[in-house]
$ cat start32.cif   # mmCIF, C-alpha atoms
data_my_file
loop_
_atom_site.label_atom_id
_atom_site.label_comp_id
_atom_site.auth_asym_id
_atom_site.auth_seq_id
_atom_site.Cartn_x
_atom_site.Cartn_y
_atom_site.Cartn_z
CA MET A 1232 30.96 14.97 26.99
CA ALA A 1233 27.21 14.48 27.11
CA GLN A 1234 25.20 17.60 27.91
CA LYS A 1235 23.29 17.53 31.21
CA LEU A 1236 20.24 19.66 31.95
CA GLU A 1237 18.36 19.82 35.24
CA GLY A 1238 14.65 20.46 35.71
CA ILE A 1239 11.71 19.65 37.97
CA LEU A 1240 8.95 17.06 37.56
CA THR A 1241 6.00 19.37 38.25
CA GLY A 1242 3.26 16.87 37.51
CA ILE A 1243 2.47 13.16 37.06
CA PHE A 1244 -0.70 12.14 35.22
CA ILE A 1245 -2.28 8.87 34.10
CA THR A 1246 -5.54 7.47 32.77
CA SER A 1247 -6.91 3.96 32.70
CA ARG A 1248 -9.98 4.98 30.67
CA GLN A 1249 -10.14 3.58 27.15
CA ASP A 1250 -12.75 6.14 26.05
CA SER A 1251 -10.70 9.26 26.82
CA PHE A 1252 -7.09 10.32 26.55
CA VAL A 1253 -7.39 13.02 29.26
CA THR A 1254 -5.14 12.19 32.21
CA THR A 1255 -5.54 12.72 35.98
CA ARG A 1256 -2.92 14.05 38.40
CA LYS A 1257 -1.14 11.70 40.83
CA VAL A 1258 1.28 12.73 43.59
CA ASN A 1259 3.43 9.69 42.98
CA ILE A 1260 3.52 6.69 40.66
CA ARG A 1261 5.28 3.42 40.10
CA VAL A 1262 7.18 3.36 36.83
CA VAL A 1263 7.07 -0.23 35.57
CA SER A 1264 9.09 -1.87 32.79
CA ASN A 1265 6.85 -0.63 30.00
CA GLY A 1266 5.16 2.52 31.29
CA LEU A 1267 3.33 3.94 34.29
CA ASN A 1268 1.44 1.60 36.60
CA GLY A 1269 -2.28 1.97 35.86
CA ASP A 1270 -1.83 4.08 32.72
CA LYS A 1271 -3.39 2.80 29.54
CA HIS A 1272 -0.23 3.47 27.50
CA ALA A 1273 1.84 1.04 29.59
CA SER A 1274 2.51 -1.81 27.15
CA TRP A 1275 5.28 -3.40 25.09
CA TYR A 1276 3.03 -3.11 22.03
CA ARG A 1277 0.57 -0.73 20.44
CA GLY A 1278 -1.55 -0.66 17.32
CA ALA A 1279 -0.05 1.14 14.32
CA ASP A 1280 -1.76 4.49 13.66
CA ALA A 1281 -1.07 7.68 11.70
CA ARG A 1282 2.30 7.87 13.48
CA ALA A 1283 3.39 4.51 12.00
CA LYS A 1284 1.95 4.71 8.51
CA HIS A 1285 4.36 2.13 7.12
CA TYR A 1286 2.05 -0.55 8.61
CA LYS A 1287 -1.64 -1.27 8.13
CA LYS A 1288 -3.73 0.47 10.78
CA GLY A 1289 -3.90 -1.61 13.96
CA THR A 1290 -0.84 -3.76 13.22
CA LYS A 1291 0.79 -4.82 16.49
CA ILE A 1292 4.09 -2.94 16.72
CA TRP A 1293 6.58 -2.06 19.44
CA ASN A 1294 5.21 0.68 21.69
CA ASN A 1295 7.69 3.54 21.62
CA ARG A 1296 5.09 5.80 23.28
CA GLN A 1297 4.95 4.38 26.81
CA ILE A 1298 5.20 7.81 28.46
CA SER A 1299 4.47 11.27 27.03
CA ILE A 1300 6.19 14.31 28.46
CA VAL A 1301 5.41 18.02 28.10
CA SER A 1302 7.02 21.17 29.51
CA GLU A 1303 5.40 24.00 31.45
CA GLU A 1304 7.24 26.53 29.31
CA GLU A 1305 6.00 25.08 26.02
CA LEU A 1306 2.43 24.75 27.37
CA LYS A 1307 2.56 28.48 28.20
CA GLU A 1308 3.71 29.21 24.65
CA ILE A 1309 0.81 27.16 23.26
CA ALA A 1310 -1.62 29.00 25.56
CA ALA A 1311 -0.25 32.36 24.41
CA ALA A 1312 -0.55 31.35 20.74
CA MET A 1313 -4.17 30.30 21.33
CA SER A 1314 -5.10 33.25 23.56
CA THR A 1315 -6.21 31.01 26.42
CA PRO A 1316 -5.28 31.57 30.08
CA GLU A 1317 -3.66 28.13 30.32
CA ILE A 1318 -3.19 24.72 28.74
CA LYS A 1319 -3.19 21.89 31.27
CA PRO A 1320 -0.99 18.81 30.72
CA GLU A 1321 -4.07 16.66 31.41
CA TRP A 1322 -5.86 18.08 28.37
CA LEU A 1323 -3.07 16.83 26.10
CA GLY A 1324 -3.07 13.41 27.74
CA ALA A 1325 0.46 14.00 29.02
CA ASN A 1326 2.00 11.73 31.66
CA PHE A 1327 4.74 14.01 32.94
CA CYS A 1328 5.13 17.79 33.01
CA LEU A 1329 8.65 19.17 33.39
CA LYS A 1330 9.89 22.65 34.17
CA GLY A 1331 13.31 24.07 33.41
CA ILE A 1332 14.22 22.05 30.32
CA PRO A 1333 14.45 24.52 27.41
CA ALA A 1334 12.82 23.43 24.12
CA LEU A 1335 11.87 20.04 25.50
CA THR A 1336 10.28 19.02 22.19
CA PHE A 1337 13.63 19.36 20.41
CA LEU A 1338 15.43 16.84 22.62
CA PRO A 1339 16.76 14.24 20.18
CA ALA A 1340 15.74 10.59 20.30
CA GLY A 1341 18.24 8.80 22.49
CA THR A 1342 18.11 11.46 25.22
CA LYS A 1343 17.98 9.96 28.72
CA ILE A 1344 15.79 11.35 31.51
CA TYR A 1345 16.64 10.32 35.09
CA ILE A 1346 14.34 10.80 38.12
CA PRO A 1347 15.30 9.83 41.69
CA ASP A 1348 13.63 6.76 43.18
CA PHE A 1349 11.26 7.62 46.02
CA TYR A 1350 12.52 4.70 48.11
CA GLY A 1351 16.23 5.36 47.58
CA GLY A 1352 16.80 2.80 44.82
CA GLN A 1353 18.66 3.55 41.63
CA ASP A 1354 17.24 6.31 39.46
CA ILE A 1355 14.29 5.76 37.22
CA GLY A 1356 15.53 6.08 33.64
CA LEU A 1357 13.57 7.02 30.53
CA TYR A 1358 14.78 6.90 26.93
CA VAL A 1359 13.28 9.52 24.57
CA THR A 1360 12.13 7.86 21.33
CA ALA A 1361 10.45 10.68 19.37
CA LEU A 1362 8.92 14.12 19.49
CA ASN A 1363 5.17 14.09 19.89
CA GLU A 1364 3.31 15.34 16.86
CA PRO A 1365 0.23 17.45 17.62
CA CYS A 1366 -3.07 15.68 16.96
CA THR A 1367 -6.49 17.28 16.82
CA ASP A 1368 -8.09 15.64 19.89
CA PRO A 1369 -6.58 17.89 22.59
CA GLY A 1370 -7.94 20.91 20.69
CA LYS A 1371 -11.47 19.66 21.30
CA ILE A 1372 -10.82 19.35 25.05
CA ILE A 1373 -9.27 22.82 25.15
CA GLN A 1374 -12.26 24.22 23.26
CA ALA A 1375 -14.62 22.58 25.77
CA ASN A 1376 -12.74 24.25 28.62
CA PHE A 1377 -12.87 27.71 27.01
CA PRO A 1378 -16.20 27.82 25.17
CA ASP A 1379 -16.00 31.62 24.76
CA VAL A 1380 -12.77 31.56 22.72
CA ALA A 1381 -13.26 30.83 19.01
CA ASN A 1382 -11.55 28.18 16.86
CA LEU A 1383 -9.44 26.54 19.58
CA ALA A 1384 -9.88 23.03 18.18
CA ILE A 1385 -8.83 24.21 14.72
CA ASN A 1386 -5.93 26.31 15.98
CA PHE A 1387 -4.39 23.73 18.31
CA PRO A 1388 -2.22 21.68 15.90
CA LYS A 1389 -0.48 24.77 14.51
CA ALA A 1390 -0.14 26.46 17.93
CA ALA A 1391 1.31 23.26 19.39
CA TYR A 1392 3.68 22.49 16.51
CA ASN A 1393 7.12 21.61 17.93
CA LYS A 1394 5.82 22.36 21.45
CA ARG A 1395 4.00 19.10 22.09
CA GLY A 1396 6.81 17.46 24.01
CA VAL A 1397 8.35 14.03 23.55
CA VAL A 1398 7.50 10.39 24.07
CA ALA A 1399 9.72 7.91 25.86
CA VAL A 1400 10.17 4.32 26.98
CA VAL A 1401 11.29 3.06 30.37
CA GLU A 1402 14.94 2.09 30.74
CA HIS A 1403 14.88 1.46 34.49
CA PRO A 1404 11.74 1.26 36.68
CA GLY A 1405 11.03 2.54 40.18
CA CYS A 1406 8.79 4.85 42.20
CA ILE A 1407 8.70 8.60 41.64
CA GLN A 1408 7.11 11.66 43.20
CA GLU A 1409 5.83 15.03 41.97
CA GLY A 1410 8.33 17.81 42.61
CA SER A 1411 11.41 15.64 42.08
CA LYS A 1412 14.55 16.83 40.37
CA VAL A 1413 14.92 15.58 36.80
CA THR A 1414 18.23 15.15 34.99
CA VAL A 1415 18.22 15.17 31.19
CA VAL A 1416 21.27 13.83 29.35
CA VAL A 1417 21.57 14.54 25.62
CA PRO A 1418 23.69 11.90 23.88
CA ASP A 1419 27.14 12.78 22.64
CA GLN A 1420 26.50 12.16 18.96
CA TYR A 1421 24.24 15.21 18.69
CA LEU A 1422 26.78 17.55 20.23
CA TYR A 1423 29.44 17.98 17.59
CA MET B 721 9.29 14.80 4.12
CA ALA B 722 11.28 12.00 5.69
CA GLN B 723 14.43 11.00 3.82
CA LYS B 724 14.44 7.48 2.34
CA LEU B 725 17.58 5.51 1.52
CA GLU B 726 17.74 2.10 -0.10
CA GLY B 727 20.37 -0.58 0.48
CA ILE B 728 20.87 -4.33 0.53
CA LEU B 729 21.00 -6.72 3.49
CA THR B 730 24.22 -8.51 2.55
CA GLY B 731 24.50 -10.66 5.68
CA ILE B 732 22.61 -12.00 8.70
CA PHE B 733 24.57 -13.26 11.71
CA ILE B 734 23.72 -14.60 15.18
CA THR B 735 25.29 -16.37 18.11
CA SER B 736 23.80 -18.31 20.97
CA ARG B 737 27.16 -18.79 22.71
CA GLN B 738 27.53 -16.98 26.02
CA ASP B 739 31.34 -17.30 25.97
CA SER B 740 31.92 -15.45 22.68
CA PHE B 741 30.42 -12.46 20.88
CA VAL B 742 31.53 -13.66 17.42
CA THR B 743 28.49 -14.32 15.21
CA THR B 744 27.79 -16.93 12.52
CA ARG B 745 26.18 -16.33 9.10
CA LYS B 746 22.59 -17.43 8.43
CA VAL B 747 20.79 -17.29 5.08
CA ASN B 748 17.54 -16.31 6.73
CA ILE B 749 16.25 -15.62 10.21
CA ARG B 750 13.06 -15.00 12.15
CA VAL B 751 12.96 -11.54 13.68
CA VAL B 752 11.01 -11.86 16.93
CA SER B 753 9.57 -9.11 19.15
CA ASN B 754 12.82 -8.43 20.96
CA GLY B 755 15.61 -9.51 18.61
CA LEU B 756 16.69 -12.33 16.32
CA ASN B 757 15.49 -15.86 17.02
CA GLY B 758 18.37 -17.81 18.58
CA ASP B 759 20.64 -14.80 19.08
CA LYS B 760 21.85 -14.13 22.59
CA HIS B 761 21.03 -10.41 22.39
CA ALA B 762 17.31 -11.10 21.88
CA SER B 763 15.78 -9.87 25.15
CA TRP B 764 13.65 -7.06 26.59
CA TYR B 765 16.35 -6.50 29.20
CA ARG B 766 20.11 -6.42 29.54
CA GLY B 767 22.60 -5.79 32.31
CA ALA B 768 23.93 -2.24 32.58
CA ASP B 769 27.55 -1.99 31.38
CA ALA B 770 29.98 0.73 30.34
CA ARG B 771 27.36 1.94 27.85
CA ALA B 772 24.88 2.66 30.66
CA LYS B 773 27.14 4.06 33.35
CA HIS B 774 24.32 5.86 35.14
CA TYR B 775 23.44 2.50 36.73
CA LYS B 776 25.46 0.07 38.82
CA LYS B 777 27.05 -2.62 36.65
CA GLY B 778 24.62 -5.46 35.97
CA THR B 779 21.46 -3.51 36.83
CA LYS B 780 18.56 -4.87 34.80
CA ILE B 781 17.66 -2.21 32.24
CA TRP B 782 15.71 -2.03 28.98
CA ASN B 783 17.69 -3.65 26.17
CA ASN B 784 18.09 -1.04 23.43
CA ARG B 785 20.72 -3.26 21.76
CA GLN B 786 18.59 -6.12 20.41
CA ILE B 787 20.21 -6.03 16.96
CA SER B 788 23.54 -4.55 15.87
CA ILE B 789 24.06 -3.40 12.30
CA VAL B 790 27.23 -2.60 10.37
CA SER B 791 27.87 -1.49 6.79
CA GLU B 792 30.17 -3.05 4.19
CA GLU B 793 31.50 0.38 3.29
CA GLU B 794 32.44 1.27 6.87
CA LEU B 795 34.02 -2.17 7.45
CA LYS B 796 36.20 -1.52 4.38
CA GLU B 797 37.21 1.85 5.85
CA ILE B 798 38.13 0.17 9.14
CA ALA B 799 40.15 -2.49 7.26
CA ALA B 800 41.98 0.22 5.31
CA ALA B 801 42.75 2.15 8.52
CA MET B 802 44.13 -1.05 10.10
CA SER B 803 45.98 -2.29 6.99
CA THR B 804 44.14 -5.61 6.99
CA PRO B 805 42.65 -7.23 3.86
CA GLU B 806 39.19 -7.30 5.41
CA ILE B 807 37.08 -6.95 8.54
CA LYS B 808 34.23 -9.46 8.74
CA PRO B 809 30.91 -8.50 10.38
CA GLU B 810 31.15 -11.72 12.43
CA TRP B 811 34.33 -10.51 14.13
CA LEU B 812 32.50 -7.47 15.46
CA GLY B 813 29.57 -9.57 16.65
CA ALA B 814 27.29 -7.82 14.17
CA ASN B 815 23.82 -9.19 13.38
CA PHE B 816 23.20 -7.45 10.05
CA CYS B 817 25.53 -6.13 7.38
CA LEU B 818 24.11 -3.55 4.97
CA LYS B 819 25.44 -2.17 1.70
CA GLY B 820 24.50 1.12 0.06
CA ILE B 821 23.61 3.19 3.13
CA PRO B 822 26.18 6.01 3.34
CA ALA B 823 27.61 6.75 6.80
CA LEU B 824 25.41 4.17 8.48
CA THR B 825 26.88 4.96 11.90
CA PHE B 826 25.61 8.55 11.66
CA LEU B 827 21.95 7.57 11.24
CA PRO B 828 20.17 9.32 14.11
CA ALA B 829 18.28 7.44 16.81
CA GLY B 830 14.69 7.18 15.66
CA THR B 831 15.64 6.09 12.14
CA LYS B 832 13.47 3.23 10.87
CA ILE B 833 14.83 0.28 8.87
CA TYR B 834 12.34 -1.81 6.88
CA ILE B 835 13.06 -5.25 5.37
CA PRO B 836 10.53 -7.25 3.32
CA ASP B 837 8.97 -10.30 4.96
CA PHE B 838 10.07 -13.55 3.33
CA TYR B 839 6.53 -14.94 3.46
CA GLY B 840 4.82 -11.85 2.07
CA GLY B 841 3.66 -10.39 5.38
CA GLN B 842 4.11 -6.77 6.35
CA ASP B 843 7.68 -5.49 6.44
CA ILE B 844 9.95 -6.21 9.34
CA GLY B 845 10.64 -2.87 11.05
CA LEU B 846 13.62 -1.87 13.17
CA TYR B 847 14.04 1.31 15.22
CA VAL B 848 17.61 2.62 15.56
CA THR B 849 18.35 3.48 19.21
CA ALA B 850 22.04 4.47 19.23
CA LEU B 851 25.32 4.36 17.41
CA ASN B 852 27.56 1.51 18.48
CA GLU B 853 30.67 2.59 20.33
CA PRO B 854 33.81 0.60 19.51
CA CYS B 855 34.91 -1.74 22.27
CA THR B 856 38.25 -3.53 22.51
CA ASP B 857 37.06 -7.14 22.14
CA PRO B 858 36.71 -7.23 18.32
CA GLY B 859 40.29 -6.00 18.06
CA LYS B 860 41.46 -9.21 19.73
CA ILE B 861 39.52 -11.34 17.23
CA ILE B 862 40.89 -9.31 14.32
CA GLN B 863 44.41 -9.71 15.71
CA ALA B 864 43.91 -13.48 15.97
CA ASN B 865 42.87 -13.58 12.29
CA PHE B 866 45.89 -11.56 11.14
CA PRO B 867 48.71 -12.60 13.46
CA ASP B 868 51.35 -11.06 11.18
CA VAL B 869 49.98 -7.51 11.40
CA ALA B 870 51.10 -5.62 14.51
CA ASN B 871 48.93 -3.79 17.08
CA LEU B 872 45.53 -4.63 15.61
CA ALA B 873 43.88 -5.04 19.01
CA ILE B 874 45.22 -1.69 20.15
CA ASN B 875 44.39 0.09 16.90
CA PHE B 876 40.81 -1.15 16.52
CA PRO B 877 38.88 1.32 18.71
CA LYS B 878 40.38 4.35 16.97
CA ALA B 879 40.12 2.82 13.47
CA ALA B 880 36.49 1.91 14.12
CA TYR B 881 35.47 5.22 15.70
CA ASN B 882 32.18 6.39 14.12
CA LYS B 883 32.28 3.38 11.77
CA ARG B 884 30.99 0.73 14.13
CA GLY B 885 27.37 0.92 12.95
CA VAL B 886 24.21 1.25 14.99
CA VAL B 887 22.06 -0.77 17.35
CA ALA B 888 18.31 -1.16 17.03
CA VAL B 889 15.17 -2.67 18.52
CA VAL B 890 12.40 -4.52 16.71
CA GLU B 891 9.28 -2.54 15.82
CA HIS B 892 7.57 -5.27 13.77
CA PRO B 893 8.66 -8.94 13.57
CA GLY B 894 8.76 -11.37 10.65
CA CYS B 895 11.07 -13.55 8.58
CA ILE B 896 13.92 -12.13 6.48
CA GLN B 897 16.47 -13.35 4.00
CA GLU B 898 20.03 -12.42 3.03
CA GLY B 899 20.13 -10.29 -0.12
CA SER B 900 16.87 -8.47 0.60
CA LYS B 901 16.29 -4.82 -0.17
CA VAL B 902 16.44 -2.57 2.88
CA THR B 903 14.67 0.79 3.20
CA VAL B 904 16.04 3.30 5.70
CA VAL B 905 13.82 6.23 6.75
CA VAL B 906 15.43 9.12 8.63
CA PRO B 907 12.87 10.95 10.78
CA ASP B 908 11.70 14.42 9.77
CA GLN B 909 12.98 16.18 12.86
CA TYR B 910 16.62 15.71 11.82
CA LEU B 911 16.05 17.15 8.35
CA TYR B 912 15.54 20.85 8.91
#

$ encode --input "start32.cif" --output "structure tokens"
Amino acid sequence: MAQKLEGILTGIFITSRQDSFVTTRKVNIRVVSNGLNGDKHASWYRGADARAKHYKKGTKIWNNRQISIVSEEELKEIAAAMSTPEIKPEWLGANFCLKGIPALTFLPAGTKIYIPDFYGGQDIGLYVTALNEPCTDPGKIIQANFPDVANLAINFPKAAYNKRGVVAVVEHPGCIQEGSKVTVVVPDQYLY
Amino acid sequence: MAQKLEGILTGIFITSRQDSFVTTRKVNIRVVSNGLNGDKHASWYRGADARAKHYKKGTKIWNNRQISIVSEEELKEIAAAMSTPEIKPEWLGANFCLKGIPALTFLPAGTKIYIPDFYGGQDIGLYVTALNEPCTDPGKIIQANFPDVANLAINFPKAAYNKRGVVAVVEHPGCIQEGSKVTVVVPDQYLY
């Protein structure tokens, strides 16, 4: 029997800017077939980067990173490790922030995330494809927000290791709202 | 360090028929962005079925089953369990048959499968999304091929449990050939 967890969608964030990964909060959003409406990560394809080293840089590959998801609890752990008052989801370029899902980053690929449709349609469904590896860019944003704390940019990747959340693709689209209940279903094959 | 396994692509199979799932062998095939050229499973979407029970039957959802993959070794184990001389990949509606990858069905979601491009381009890449749960239909085909062996249709799901291979989506397209080397890369996060 698949394991079910329940949490809350505490924040929705997108960006359409190509020159920055920092996201901006939205109260609600339309989830389309390949990402979030208006978000720059919404696409069937992406260019291969350090996360897909098997291909030459820039090779057009399937985009398994349509939506990135972090947890409030893990962001607090990162903040504690870096001695900063907080780490905002926006600074990491996250799209969703969840609360109440323990060790979000350790959810295996294949995990489903369901969010109720704002207009009463069938649930929005996401399929987790990978954990999100920490990169150095958010550290620079965090440093800029706390100029009095030393070495934040350098310390971020280690502080955020295995706390950086997961990435996902859309299984079923729809319209969602901040504050909604979220149901996480871990697939059977990881629950021996 | 991600674990690498090497095997051989011993067979390529497709079907364009809507009235049968049984596939037909091809010496080579073009892997397109969302499946195998000419195969009926090639699509960005599919209708929700018993494998996606969260949705009403037929709901248009993301197709995480573009390509289905079985292993020669597991097919031999199924044949032994059913007391039949053989089980052909075609009878299960498989698209690829691999040899030399132990316990193929247990590869976690997120595993990458790379196959060289026939024309010297970058490798074809597949992303494993799920194990394939046995359904009853192949049992009927197997029974029809061995009419003298009793209860094959009934026995198939149990005999094929955890031996039915995996399903995958295309990460990078290209042209492949039967007999090619196959490289399987299991993601780091499952190798603690």

$ residues_around --input "start32.cif" --residues "Lys1307 (chain A)" --least-positions-apart "5" --cutoff "9 Å" --atoms "all atoms listed in the file" --output "PDB file with C-alpha atoms, keeping the file's coordinate frame"
ATOM      1  CA  SER A1302       7.020  21.170  29.510  1.00  0.00           C
ATOM      2  CA  ALA A1312      -0.550  31.350  20.740  1.00  0.00           C
ATOM      3  CA  PRO A1316      -5.280  31.570  30.080  1.00  0.00           C
ATOM      4  CA  GLU A1317      -3.660  28.130  30.320  1.00  0.00           C
ATOM      5  CA  ILE A1318      -3.190  24.720  28.740  1.00  0.00           C
TER       6      ILE A1318
END

$ residues_around --input "start32.cif" --residues "Gly755 (chain B)" --least-positions-apart "4" --cutoff "7 Å" --atoms "all atoms listed in the file" --output "count of residues only"
8

$ closest_residue --input "start32.cif" --among "A:Ala1311, A:Glu1364, A:His1285, A:Ile1407" --to "Pro836 (chain B)" --atoms "only C-alpha atoms"
A:His1285

$ atom_distance --input "start32.cif" --atom1 "CA of Ile1346 (chain A)" --atom2 "CA of Tyr847 (chain B)"
24.8 Å

$ closest_atom_pairs --input "start32.cif" --of "chain B" --to "chain A" --cutoff "6 Å" --atoms "only C-alpha atoms" --output "CSV"
residue,atom,partner,partner_atom,distance
B:Ile781,CA,A:His1403,CA,5.1
B:Trp782,CA,A:Glu1402,CA,4.5
B:Ala829,CA,A:Ala1340,CA,5.3
B:Gly830,CA,A:Ala1340,CA,5.9
B:Glu891,CA,A:Trp1293,CA,4.5
B:His892,CA,A:Ile1292,CA,5.1

$ closest_residue --input "start32.cif" --among "A:Val1415, A:Val1398, A:Ile1239, A:Val1380" --to "Cys1328 (chain A)" --atoms "all atoms listed in the file"
A:Ile1239

$ closest_residue --input "start32.cif" --among "A:Gly1410, A:Pro1365, A:Gly1278, A:Pro1320" --to "Pro1388 (chain A)" --atoms "only C-alpha atoms"
A:Pro1365

$ atom_distance --input "start32.cif" --atom1 "CA of Lys746 (chain B)" --atom2 "CA of Thr825 (chain B)"
23.1 Å

$ closest_residue --input "start32.cif" --among "A:Arg1248, A:Lys1284, A:Lys1412, A:Lys1271" --to "Asp1348 (chain A)" --atoms "only C-alpha atoms"
A:Lys1412

$ residues_around --input "start32.cif" --residues "Glu1321 (chain A)" --least-positions-apart "4" --cutoff "6 Å" --atoms "all atoms listed in the file" --output "list in words"
Val1253, Thr1254 and Ala1325 of chain A

$ closest_residue --input "start32.cif" --among "B:Tyr881, B:Phe816, B:Phe733, B:Phe866" --to "Arg745 (chain B)" --atoms "only C-alpha atoms"
B:Phe733

$ residues_around --input "start32.cif" --residues "Asp1368 (chain A)" --least-positions-apart "6" --cutoff "10 Å" --atoms "only C-alpha atoms" --output "number ranges by chain"
A: 1251-1253, 1322-1324, 1384, 1387-1388

$ resolve_selection --input "start32.cif" --expression "the PyMOL selection byres ((chain A and resi 1331) around 8)" --output "list in words"
Glu1237, Gly1238, Ile1239, Ser1302, Glu1304, Leu1329, Lys1330, Ile1332 and Pro1333 of chain A

$ atom_distance --input "start32.cif" --atom1 "CA of Thr1241 (chain A)" --atom2 "CA of Gln1374 (chain A)"
24.1 Å

$ closest_residue --input "start32.cif" --among "B:Ser736, B:Ser788, B:Thr856, B:Asn748" --to "Gln897 (chain B)" --atoms "only C-alpha atoms"
B:Asn748
